[in-house]
Amino acid sequence: MARTSAADLSHGLKDASFPMTTRQLAEHARQNRAPDEVVETIKHMPDREFGSLADVEHVFSESEEGDEPSSGGATEKARKGGTKRRKA
């Protein structure tokens with residue numbers, strides 16, 4: 001599956017009227033004809049209400065940090081025991 005970029009996410013949520021729940025965001029992206037990867041990324045975000053696009057982008061960027069072993073955020077999480085190590 002292709003990775004979703006922050007730009008893809010923002011484009012898929014163009015003209016969204018906040019606040020919106022995770023489910024509403026996914027539906028909005030689908031209606032905007034966002035790629036399936038974008039809709040699935042949104043569906044896997046925490047089930048909550050988002051107050052703005054910046055709020056969505058913040059949660060998205062935090063989840064992306066956990067996926068990038070070289071990022072400072074992931075390193076900090078690993079140091080604190082917050083993420084699982086991947087086998088090489």
# chains A, B, ... in the order shown; residues from 1 in each chain; ligands from 1
>>> closest_atom_pairs(of="stretch 44-70 of chain A", to="stretch 13-27 of chain A", cutoff="7 Å", atoms="only C-alpha atoms", output="CSV")
residue,atom,partner,partner_atom,distance
A:Met45,CA,A:Thr22,CA,6.9
A:Asp47,CA,A:Thr22,CA,5.5
A:Arg48,CA,A:Thr21,CA,5.6
A:Glu49,CA,A:Thr21,CA,4.2
A:Phe50,CA,A:Met20,CA,5.4
A:Gly51,CA,A:Pro19,CA,4.4
A:Ser52,CA,A:Phe18,CA,5.6
>>> residues_around(residues="A:Glu37", least_positions_apart="5", cutoff="12 Å", atoms="only C-alpha atoms", output="list in words")
Met1, Ala2, Arg3, Thr4, Ser5, Asp8, Leu9, Gly12, Ala26, Ala29, Arg30, Ile42, Lys43 and His44 of chain A
>>> write_last_selection(atoms="C-alpha atoms", output="PDB file, in the first residue's frame")
ATOM      1  CA  MET A   1       0.000   0.000   0.000  1.00  0.00           C
ATOM      2  CA  ALA A   2       1.291   3.481  -0.856  1.00  0.00           C
ATOM      3  CA  ARG A   3       2.058   5.834   2.004  1.00  0.00           C
ATOM      4  CA  THR A   4      -0.168   8.825   2.544  1.00  0.00           C
ATOM      5  CA  SER A   5       1.526  12.213   2.608  1.00  0.00           C
ATOM      6  CA  ASP A   8      -2.577  14.001   0.178  1.00  0.00           C
ATOM      7  CA  LEU A   9      -4.408  14.152   3.487  1.00  0.00           C
ATOM      8  CA  GLY A  12      -8.609  14.840   0.565  1.00  0.00           C
ATOM      9  CA  ALA A  26     -13.196   9.517   6.056  1.00  0.00           C
ATOM     10  CA  ALA A  29     -12.353  12.361   1.846  1.00  0.00           C
ATOM     11  CA  ARG A  30     -14.219   9.627  -0.042  1.00  0.00           C
ATOM     12  CA  ILE A  42      -8.110   8.553   8.141  1.00  0.00           C
ATOM     13  CA  LYS A  43     -10.112   5.508   9.216  1.00  0.00           C
ATOM     14  CA  HIS A  44      -7.108   4.325  11.249  1.00  0.00           C
TER      15      HIS A  44
END
>>> closest_residue(among="A:Pro46, A:Ser61, A:Val56, A:His11", to="A:Gln31", atoms="only C-alpha atoms")
A:His11
